[in-house]
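The next block is my_file.csv, given as CSV, C-alpha atoms.
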chain,number,residue,atom,x,y,z
A,740,MET,CA,0.0,0.0,0.0
A,741,ASN,CA,3.0,2.3,0.2
A,742,THR,CA,3.9,4.3,-2.9
A,743,GLU,CA,6.7,6.8,-3.6
A,744,ASN,CA,5.8,10.4,-2.8
A,745,ALA,CA,6.9,12.0,-6.0
A,746,SER,CA,5.7,15.6,-5.2
A,747,GLY,CA,7.7,15.9,-2.0
A,748,ALA,CA,4.5,17.0,-0.2
A,749,TYR,CA,3.6,15.2,3.0
A,750,LEU,CA,-0.2,15.4,2.5
A,751,GLN,CA,-1.2,14.8,-1.1
A,752,VAL,CA,-4.8,15.1,-2.2
A,753,ARG,CA,-5.1,14.9,-6.0
A,754,ASN,CA,-8.1,15.6,-8.1
A,755,LEU,CA,-10.6,14.7,-5.3
A,756,VAL,CA,-14.2,14.2,-6.4
A,757,LYS,CA,-17.0,13.4,-4.0
A,758,LEU,CA,-20.6,13.1,-5.2
A,759,PHE,CA,-23.8,13.1,-3.2
A,760,GLY,CA,-26.3,12.0,-5.8
A,761,ASP,CA,-25.8,14.5,-8.7
A,762,ASP,CA,-24.3,17.1,-6.4
A,763,ARG,CA,-20.5,17.4,-6.7
A,764,ALA,CA,-19.7,18.3,-3.1
A,765,VAL,CA,-16.0,18.3,-3.9
A,766,ASP,CA,-15.0,19.0,-7.5
A,767,ASP,CA,-11.5,18.1,-8.6
A,768,LEU,CA,-9.7,19.5,-5.5
A,769,SER,CA,-6.0,19.1,-5.0
A,770,ILE,CA,-3.8,19.8,-2.0
A,771,ASN,CA,0.0,19.5,-1.4
A,772,LEU,CA,1.0,20.3,2.1
A,773,ALA,CA,4.5,20.1,3.6
A,774,GLU,CA,5.1,18.1,6.8
A,775,GLY,CA,4.5,20.1,10.0
A,776,LYS,CA,2.4,22.8,8.3
A,777,PHE,CA,-1.0,24.0,9.4
A,778,LEU,CA,-3.6,24.3,6.6
A,779,THR,CA,-7.0,25.8,6.9
A,780,LEU,CA,-9.9,25.0,4.6
A,781,LEU,CA,-12.1,28.1,4.7
A,782,GLY,CA,-15.5,28.8,3.3
A,783,PRO,CA,-19.2,29.1,3.9
A,784,SER,CA,-21.5,26.2,4.8
A,785,GLY,CA,-21.9,23.8,1.8
A,786,CYS,CA,-18.6,24.7,0.1
A,787,GLY,CA,-17.2,21.2,0.6
A,788,LYS,CA,-14.6,21.9,3.3
A,789,THR,CA,-15.9,19.4,5.8
A,790,THR,CA,-16.5,16.8,3.1
A,791,THR,CA,-12.9,17.2,2.1
A,792,LEU,CA,-11.8,16.7,5.7
A,793,MET,CA,-14.0,13.6,6.2
A,794,SER,CA,-12.6,12.1,3.0
A,795,ILE,CA,-9.1,12.5,4.3
A,796,ALA,CA,-10.2,10.9,7.5
A,797,GLY,CA,-11.8,8.0,5.7
A,798,LEU,CA,-15.2,8.8,7.0
A,799,HIS,CA,-16.3,9.3,3.4
A,800,THR,CA,-15.5,7.2,0.4
A,801,ILE,CA,-14.6,9.2,-2.6
A,802,ASP,CA,-15.7,8.9,-6.3
A,803,ALA,CA,-12.3,9.8,-7.8
A,804,GLY,CA,-8.9,11.1,-6.8
A,805,HIS,CA,-6.0,10.1,-4.6
A,806,ILE,CA,-5.3,10.8,-0.9
A,807,GLN,CA,-1.8,10.0,0.5
A,808,VAL,CA,0.1,10.9,3.7
A,809,GLY,CA,3.8,10.4,3.5
A,810,ASP,CA,4.3,7.2,1.6
A,811,VAL,CA,1.0,5.7,2.8
A,812,VAL,CA,-1.9,5.8,0.3
A,813,PHE,CA,-5.2,6.3,2.2
A,814,THR,CA,-7.6,6.2,-0.7
A,815,SER,CA,-7.3,5.6,-4.5
A,816,PRO,CA,-10.4,4.3,-6.2
A,817,ALA,CA,-8.5,3.8,-9.5
A,818,ASN,CA,-6.2,1.4,-7.6
A,819,ASN,CA,-9.0,-0.1,-5.5
A,820,ILE,CA,-7.4,1.2,-2.3
A,821,PHE,CA,-9.3,2.3,0.8
A,822,LEU,CA,-7.5,2.3,4.1
A,823,PRO,CA,-10.1,2.1,7.0
A,824,PRO,CA,-10.2,5.1,9.3
A,825,GLU,CA,-8.8,3.3,12.3
A,826,LYS,CA,-5.7,2.3,10.3
A,827,ARG,CA,-4.9,5.8,9.1
A,828,ASP,CA,-3.2,7.0,12.3
A,829,ILE,CA,-5.1,10.3,12.4
A,830,GLY,CA,-6.0,12.4,15.4
A,831,MET,CA,-9.3,14.3,15.2
A,832,VAL,CA,-10.7,17.2,17.2
A,833,PHE,CA,-14.4,17.9,16.6
A,834,GLN,CA,-16.9,20.7,17.2
A,835,SER,CA,-18.4,18.6,19.9
A,836,TYR,CA,-15.8,17.7,22.5
A,837,ALA,CA,-16.6,13.9,22.1
A,838,ILE,CA,-15.0,13.1,25.5
A,839,TRP,CA,-16.5,10.4,27.8
A,840,PRO,CA,-18.2,11.9,30.8
A,841,HIS,CA,-17.7,8.9,33.0
A,842,MET,CA,-13.9,9.0,32.7
A,843,THR,CA,-11.4,11.4,34.3
A,844,VAL,CA,-9.4,13.7,32.1
A,845,ALA,CA,-6.4,11.4,32.4
A,846,GLU,CA,-8.5,8.4,31.5
A,847,ASN,CA,-9.9,10.1,28.4
A,848,VAL,CA,-6.5,11.1,27.2
A,849,ALA,CA,-5.0,7.6,27.9
A,850,TYR,CA,-7.7,5.8,26.0
A,851,PRO,CA,-6.1,5.9,22.5
A,852,LEU,CA,-2.9,4.4,24.0
A,853,GLU,CA,-4.7,1.7,25.9
A,854,ILE,CA,-6.4,0.4,22.8
A,855,ARG,CA,-3.0,0.3,21.1
A,856,LYS,CA,-1.9,-1.8,24.1
A,857,ILE,CA,1.0,0.5,25.0
A,858,GLU,CA,2.7,-0.3,28.3
A,859,ARG,CA,1.4,1.4,31.4
A,860,PRO,CA,4.6,3.3,32.3
A,861,GLU,CA,4.7,4.8,28.8
A,862,ILE,CA,1.0,5.7,28.9
A,863,ASP,CA,1.4,7.5,32.1
A,864,SER,CA,4.4,9.4,30.8
A,865,ARG,CA,2.8,10.4,27.6
A,866,VAL,CA,-0.5,11.5,29.3
A,867,ALA,CA,1.5,13.6,31.8
A,868,ASP,CA,3.4,15.3,28.9
A,869,VAL,CA,0.4,16.2,26.9
A,870,LEU,CA,-1.7,17.4,29.8
A,871,ALA,CA,1.2,19.7,30.7
A,872,LEU,CA,1.3,20.9,27.1
A,873,VAL,CA,-2.4,21.8,27.1
A,874,GLY,CA,-2.4,23.2,30.6
A,875,LEU,CA,-4.5,20.6,32.3
A,876,THR,CA,-2.1,18.9,34.7
A,877,GLU,CA,-4.1,20.0,37.7
A,878,MET,CA,-7.3,18.7,36.2
A,879,ALA,CA,-6.0,15.2,35.4
A,880,ASN,CA,-8.2,13.4,38.0
A,881,LYS,CA,-11.3,15.5,37.5
A,882,LEU,CA,-14.3,14.0,35.6
A,883,ALA,CA,-14.7,15.5,32.1
A,884,THR,CA,-18.1,16.9,33.2
A,885,GLN,CA,-16.3,19.1,35.8
A,886,LEU,CA,-14.4,21.0,33.1
A,887,SER,CA,-15.3,24.2,31.4
A,888,GLY,CA,-15.9,24.3,27.6
A,889,GLY,CA,-12.4,25.5,26.9
A,890,GLN,CA,-10.9,22.9,29.2
A,891,GLN,CA,-13.0,20.1,27.6
A,892,GLN,CA,-11.7,21.2,24.2
A,893,ARG,CA,-8.1,21.1,25.5
A,894,ALA,CA,-8.7,17.6,26.8
A,895,SER,CA,-10.1,16.6,23.4
A,896,LEU,CA,-6.9,18.0,21.8
A,897,ALA,CA,-4.7,16.2,24.3
A,898,ARG,CA,-6.4,12.9,23.4
A,899,ALA,CA,-6.0,13.6,19.7
A,900,ILE,CA,-2.2,14.2,19.9
A,901,VAL,CA,-1.2,11.7,22.7
A,902,SER,CA,-0.7,8.9,20.2
A,903,ARG,CA,1.5,11.1,18.0
A,904,PRO,CA,-0.6,10.6,14.9
A,905,ARG,CA,0.8,11.2,11.4
A,906,LEU,CA,-2.0,13.8,10.7
A,907,LEU,CA,-4.2,16.0,12.9
A,908,LEU,CA,-7.7,17.1,11.6
A,909,PHE,CA,-9.9,19.8,13.1
A,910,ASP,CA,-13.6,20.1,12.3
A,911,GLU,CA,-14.6,23.6,13.5
A,912,PRO,CA,-13.4,22.9,17.1
A,913,LEU,CA,-13.9,26.3,18.5
A,914,SER,CA,-17.4,27.1,17.3
A,915,ASN,CA,-19.1,26.1,20.6
A,916,LEU,CA,-17.0,28.5,22.6
A,917,ASP,CA,-17.8,32.2,23.4
A,918,LEU,CA,-15.9,34.9,21.5
A,919,LYS,CA,-13.3,35.7,24.1
A,920,LEU,CA,-12.5,32.0,24.7
A,921,ARG,CA,-12.3,31.4,21.0
A,922,GLU,CA,-9.7,34.1,20.6
A,923,GLN,CA,-7.6,32.6,23.4
A,924,MET,CA,-8.0,29.0,22.1
A,925,ARG,CA,-7.0,29.7,18.5
A,926,VAL,CA,-3.7,31.1,19.7
A,927,GLU,CA,-3.2,28.2,22.1
A,928,LEU,CA,-4.1,25.6,19.4
A,929,LYS,CA,-1.5,27.1,17.0
A,930,ARG,CA,1.1,27.2,19.8
A,931,ILE,CA,0.5,23.5,20.7
A,932,GLN,CA,0.5,22.5,17.0
A,933,ASN,CA,3.9,24.3,16.5
A,934,GLU,CA,5.3,22.5,19.6
A,935,VAL,CA,4.2,19.0,18.6
A,936,GLY,CA,4.9,19.6,14.9
A,937,ILE,CA,2.0,17.5,13.6
A,938,THR,CA,0.8,18.3,10.1
A,939,SER,CA,-2.7,19.7,10.5
A,940,VAL,CA,-5.8,20.4,8.5
A,941,TYR,CA,-8.4,22.7,10.0
A,942,VAL,CA,-11.9,23.4,8.8
A,943,THR,CA,-13.7,26.7,9.6
A,944,HIS,CA,-16.0,29.4,8.2
A,945,ASP,CA,-14.3,32.0,10.5
A,946,GLN,CA,-11.8,34.0,8.5
A,947,SER,CA,-10.2,35.4,11.7
A,948,GLU,CA,-9.3,31.9,12.9
A,949,ALA,CA,-7.9,31.1,9.4
A,950,LEU,CA,-5.7,34.3,9.4
A,951,VAL,CA,-4.4,33.8,12.9
A,952,MET,CA,-3.7,30.1,12.9
A,953,SER,CA,-2.7,29.1,9.4
A,954,ASP,CA,0.5,28.6,7.5
A,955,GLU,CA,-1.6,28.1,4.4
A,956,ILE,CA,-5.2,28.8,3.6
A,957,ILE,CA,-7.5,27.3,0.9
A,958,VAL,CA,-10.6,29.4,0.2
A,959,MET,CA,-13.4,27.2,-1.1
A,960,SER,CA,-16.7,27.7,-3.0
A,961,LYS,CA,-19.1,25.1,-4.4
A,962,GLY,CA,-16.6,22.3,-3.9
A,963,ARG,CA,-13.7,24.0,-5.7
A,964,ILE,CA,-10.7,26.0,-4.7
A,965,GLU,CA,-11.0,29.8,-5.3
A,966,GLN,CA,-7.5,30.6,-4.0
A,967,LYS,CA,-4.7,29.0,-2.0
A,968,GLY,CA,-1.8,30.8,-0.3
A,969,GLY,CA,-0.5,32.2,2.9
A,970,PRO,CA,-2.7,34.4,5.2
A,971,LEU,CA,-1.0,37.7,4.1
A,972,GLU,CA,-1.3,36.8,0.4
A,973,ILE,CA,-4.9,35.8,0.7
A,974,TYR,CA,-5.8,38.9,2.6
A,975,SER,CA,-3.8,41.5,0.6
A,976,GLN,CA,-3.9,39.9,-2.9
A,977,PRO,CA,-7.3,38.2,-3.3
A,978,VAL,CA,-7.8,36.8,-6.8
A,979,ASN,CA,-11.5,37.8,-7.1
A,980,GLY,CA,-14.4,39.5,-5.4
A,981,TYR,CA,-15.5,36.4,-3.7
A,982,VAL,CA,-12.2,35.9,-1.9
A,983,SER,CA,-11.9,39.6,-1.2
A,984,ASN,CA,-15.3,39.7,0.5
A,985,PHE,CA,-15.0,36.4,2.4
A,986,ILE,CA,-11.5,37.2,3.9
A,987,GLY,CA,-12.1,40.2,6.0
A,988,VAL,CA,-14.2,43.2,5.0
A,989,ALA,CA,-13.8,45.0,1.7
A,990,ASN,CA,-15.3,47.8,-0.3
A,991,LEU,CA,-16.2,46.2,-3.7
A,992,LEU,CA,-17.1,48.4,-6.7
A,993,LYS,CA,-17.7,47.2,-10.3
A,994,GLY,CA,-15.8,49.1,-13.0
A,995,HIS,CA,-13.5,48.7,-16.0
A,996,VAL,CA,-9.8,49.2,-16.6
A,997,ALA,CA,-9.6,52.5,-18.3
A,998,GLN,CA,-5.8,52.5,-18.7
A,999,VAL,CA,-2.8,50.3,-18.1
A,1000,THR,CA,-0.1,52.6,-16.8
A,1001,GLY,CA,2.7,50.1,-16.1
A,1002,ALA,CA,3.5,46.5,-15.3
A,1003,GLY,CA,0.6,45.3,-13.1
A,1004,ARG,CA,-0.7,48.9,-12.6
A,1005,GLY,CA,-3.5,50.9,-14.1
A,1006,GLU,CA,-6.6,53.1,-13.6
A,1007,VAL,CA,-10.1,51.7,-13.1
A,1008,GLU,CA,-13.1,53.8,-14.0
A,1009,VAL,CA,-16.2,53.5,-11.7
A,1010,VAL,CA,-19.6,55.1,-12.3
A,1011,GLU,CA,-21.9,55.5,-9.4
A,1012,ASN,CA,-25.2,57.5,-9.6
A,1013,GLY,CA,-23.9,59.8,-12.3
A,1014,SER,CA,-20.5,60.3,-10.7
A,1015,ARG,CA,-17.6,59.0,-12.6
A,1016,ILE,CA,-14.1,58.5,-11.0
A,1017,ARG,CA,-10.8,56.9,-12.1
A,1018,LEU,CA,-8.7,55.4,-9.3
A,1019,PRO,CA,-5.1,54.3,-9.7
A,1020,CYS,CA,-4.6,50.7,-8.6
A,1021,ILE,CA,-2.8,47.4,-8.7
A,1022,LEU,CA,-4.1,45.1,-11.5
A,1023,GLY,CA,-4.7,41.5,-10.6
A,1024,ALA,CA,-3.1,38.7,-12.7
A,1025,GLY,CA,-4.4,38.5,-16.2
A,1026,ILE,CA,-6.3,41.8,-16.2
A,1027,GLY,CA,-5.9,44.2,-19.1
A,1028,GLU,CA,-7.3,47.4,-20.6
A,1029,GLY,CA,-11.0,47.4,-21.1
A,1030,ASP,CA,-11.7,44.4,-18.8
A,1031,GLY,CA,-14.6,44.5,-16.4
A,1032,VAL,CA,-13.3,44.2,-12.8
A,1033,VAL,CA,-14.2,44.5,-9.2
A,1034,LEU,CA,-12.2,47.2,-7.3
A,1035,SER,CA,-11.4,46.0,-3.8
A,1036,VAL,CA,-10.4,48.4,-1.0
A,1037,ARG,CA,-10.0,47.4,2.6
A,1038,PRO,CA,-11.6,49.8,5.2
A,1039,GLU,CA,-8.3,50.5,6.8
A,1040,ASN,CA,-6.9,51.7,3.5
A,1041,VAL,CA,-9.5,54.5,3.0
A,1042,ARG,CA,-8.6,57.9,4.4
A,1043,ALA,CA,-11.4,60.4,5.2
A,1044,VAL,CA,-10.7,64.1,5.5
A,1045,ARG,CA,-12.9,67.1,6.0
A,1046,GLU,CA,-11.1,69.4,3.6
A,1047,LYS,CA,-10.7,68.6,-0.1
A,1048,ASN,CA,-7.2,68.1,-1.3
A,1049,GLY,CA,-5.5,66.9,-4.5
A,1050,GLY,CA,-5.5,63.3,-3.4
A,1051,ALA,CA,-9.2,63.1,-2.3
A,1052,HIS,CA,-11.3,61.6,-5.1
A,1053,ILE,CA,-14.8,61.1,-3.6
A,1054,GLU,CA,-17.1,63.4,-1.7
A,1055,GLY,CA,-19.5,61.7,0.7
A,1056,GLU,CA,-21.5,61.9,3.9
A,1057,VAL,CA,-20.9,60.1,7.1
A,1058,ILE,CA,-24.1,58.2,7.8
A,1059,GLN,CA,-22.8,56.0,10.7
A,1060,ALA,CA,-19.9,56.3,13.1
A,1061,ILE,CA,-19.4,53.6,15.8
A,1062,PHE,CA,-16.6,54.0,18.4
A,1063,LEU,CA,-14.7,50.8,18.8
A,1064,GLY,CA,-12.0,52.0,21.1
A,1065,ASN,CA,-8.9,52.0,18.9
A,1066,CYS,CA,-10.8,53.1,15.8
A,1067,VAL,CA,-14.2,54.5,14.6
A,1068,ASP,CA,-16.1,52.2,12.2
A,1069,CYS,CA,-17.7,54.6,9.7
A,1070,ARG,CA,-20.1,54.3,6.8
A,1071,VAL,CA,-19.8,57.0,4.1
A,1072,ARG,CA,-22.6,57.4,1.5
A,1073,TRP,CA,-21.5,58.1,-2.0
A,1074,GLY,CA,-24.5,58.0,-4.3
A,1075,ASN,CA,-26.1,54.6,-3.6
A,1076,PHE,CA,-22.9,53.1,-2.4
A,1077,GLU,CA,-21.8,52.9,1.2
A,1078,TRP,CA,-18.0,53.0,1.9
A,1079,LYS,CA,-16.8,51.2,4.9
A,1080,ILE,CA,-13.9,52.9,6.5
A,1081,LEU,CA,-11.9,52.8,9.7
A,1082,SER,CA,-11.0,56.2,11.1
A,1083,HIS,CA,-8.8,57.2,14.0
A,1084,PRO,CA,-10.8,58.5,17.0
A,1085,ARG,CA,-8.9,61.7,16.9
A,1086,ALA,CA,-10.3,62.5,13.5
A,1087,GLY,CA,-13.6,63.1,15.3
A,1088,LEU,CA,-15.9,62.0,12.5
A,1089,ARG,CA,-19.6,62.2,13.3
A,1090,GLU,CA,-22.8,61.3,11.5
A,1091,GLY,CA,-23.8,64.1,9.0
A,1092,ASP,CA,-20.2,65.2,8.4
A,1093,LYS,CA,-19.2,65.9,4.8
A,1094,VAL,CA,-15.9,64.1,4.0
A,1095,TYR,CA,-13.5,63.5,1.1
A,1096,LEU,CA,-12.1,60.0,0.6
A,1097,SER,CA,-8.6,59.2,-0.7
A,1098,PHE,CA,-7.0,55.9,-1.5
A,1099,ASP,CA,-3.5,54.5,-1.6
A,1100,PRO,CA,-2.9,53.0,-5.1
A,1101,GLU,CA,-0.7,50.4,-3.5
A,1102,HIS,CA,-3.6,49.1,-1.5
A,1103,THR,CA,-6.3,49.5,-4.1
A,1104,LEU,CA,-6.7,46.2,-6.1
A,1105,ALA,CA,-8.6,45.4,-9.3
A,1106,VAL,CA,-9.6,41.7,-9.3
A,1107,GLN,CA,-11.7,39.4,-11.4
A,1108,PRO,CA,-15.5,39.7,-10.8
Any chance you could give the structure as structure tokens?
Amino acid sequence: MNTENASGAYLQVRNLVKLFGDDRAVDDLSINLAEGKFLTLLGPSGCGKTTTLMSIAGLHTIDAGHIQVGDVVFTSPANNIFLPPEKRDIGMVFQSYAIWPHMTVAENVAYPLEIRKIERPEIDSRVADVLALVGLTEMANKLATQLSGGQQQRASLARAIVSRPRLLLFDEPLSNLDLKLREQMRVELKRIQNEVGITSVYVTHDQSEALVMSDEIIVMSKGRIEQKGGPLEIYSQPVNGYVSNFIGVANLLKGHVAQVTGAGRGEVEVVENGSRIRLPCILGAGIGEGDGVVLSVRPENVRAVREKNGGAHIEGEVIQAIFLGNCVDCRVRWGNFEWKILSHPRAGLREGDKVYLSFDPEHTLAVQP
């Protein structure tokens, strides 16, 4: 069942197809992930991310493709190969904590080692090590039901990594936690993954989790990959309006490329309610003069001033200003379009103010619609 890993990637998913009836839940999806890296599959409900994860785990059969970890082939319908889930040596952390309430924390964590018939001294040593890693040493003899939600998720993670699996899979593990605890746990999960060095695939619809935790991100839509890359690349260089809007918040305006001014640079003309403007910008790959595009501008890259100056292109009215502590979240009406901007509190913007908006061409991006 072992084959040579020609690509050099540790996790290989090639041309994966999964059908549910006539629905292509996953449509020709490929992944190459280096050993020790943290990959997030990101997208809305129904995009195929969980189906992909379950296919890697062996909890779904697949209709076409090839799944391999290291030199071990997990699934290959063309070669009539399907390795059962229990033989894949995978750790899984679920949305539900899936820990046994009648067992202590230490007993829960020890269970995967016991079923492998590991010697008791080694079990005790490994359990102690992972409980220290996840910060649950003092809770070892508590029943699982005596733990908070965050502690239960830590126990679930400890159980998943104690056997030192070849792959760690996460299925929206933080979605049952409150916001503050989610923010703490995503940092802790990444720290722990870095320390143990287990190659990990994480499924979420939360773009903040993806940006904070990932070495690589795959943004999915309708069973296909829209874009793959590092967090900074995905955020700052989205390939289309879908990715731009899904990763963070963006102002998206339809227009056309009026002029190419240099390599990868140009001006996009936008018409809104009779107002016509041309904005200098970065042109996405494959975009040329005359092409219809979506102009993508992040709120933090829009500057609002009260006095018109040479760099201010758009006149608008502040229709909402919400103080968030370190910034003011504003909405500025321009015709029928509402600009989302982040202003410094010292700017003192208030509802009803007339403002002029300016844009940094280096952070104004024209992408495919």
Kindly give the distance, in Å, that separates CA of Leu822 in chain A and CA of Asp810 in chain A, rounded to a single decimal.
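Separation between CA of Leu822 in chain A and CA of Asp810 in chain A: 13.0 Å.
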Give me the residues near Leu1088 in chain A as a list in words, where near means some atom within 8 Å (using all atoms listed in the file) and where sequence neighbours in that chain fewer than 4 positions away do not count.
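Returned residues: Val1057, Ala1060, Val1067, Ser1082, Pro1084 and Asp1092 of chain A.
Proximity to Tyr749 in chain A was assessed for A:Ser794, A:Gln891, A:Gln807, A:Asn990 counting all atoms listed in the file; the smallest distance is recorded for A:Gln807.
Distances to Gly936 in chain A were evaluated for A:Ile801, A:Val1106, A:Ile900, A:Ile854 using all atoms listed in the file, and the minimum falls at A:Ile900.
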Quick one: which range 875-975 of chain A residues come within 9 Å of range 761-779 of chain A, and what is the nearest atom pair for each with the distance in Å to one decimal, counting only C-alpha atoms, rows ordered by chain and ascending number, as CSV?
residue,atom,partner,partner_atom,distance
A:Lys929,CA,A:Phe777,CA,8.2
A:Gln932,CA,A:Phe777,CA,7.9
A:Asn933,CA,A:Gly775,CA,7.8
A:Val935,CA,A:Gly775,CA,8.7
A:Gly936,CA,A:Gly775,CA,4.9
A:Ile937,CA,A:Gly775,CA,5.1
A:Thr938,CA,A:Gly775,CA,4.1
A:Ser939,CA,A:Phe777,CA,4.8
A:Val940,CA,A:Leu778,CA,4.9
A:Tyr941,CA,A:Thr779,CA,4.6
A:Val942,CA,A:Thr779,CA,5.8
A:Thr943,CA,A:Thr779,CA,7.3
A:Glu948,CA,A:Thr779,CA,8.9
A:Ala949,CA,A:Thr779,CA,5.9
A:Leu950,CA,A:Thr779,CA,9.0
A:Met952,CA,A:Phe777,CA,7.5
A:Ser953,CA,A:Phe777,CA,5.4
A:Asp954,CA,A:Phe777,CA,5.2
A:Glu955,CA,A:Leu778,CA,4.8
A:Ile956,CA,A:Thr779,CA,4.8
A:Ile957,CA,A:Thr779,CA,6.2
A:Val958,CA,A:Thr779,CA,8.4
A:Lys961,CA,A:Ala764,CA,6.9
A:Gly962,CA,A:Val765,CA,4.0
A:Arg963,CA,A:Asp766,CA,5.5
A:Ile964,CA,A:Leu768,CA,6.6
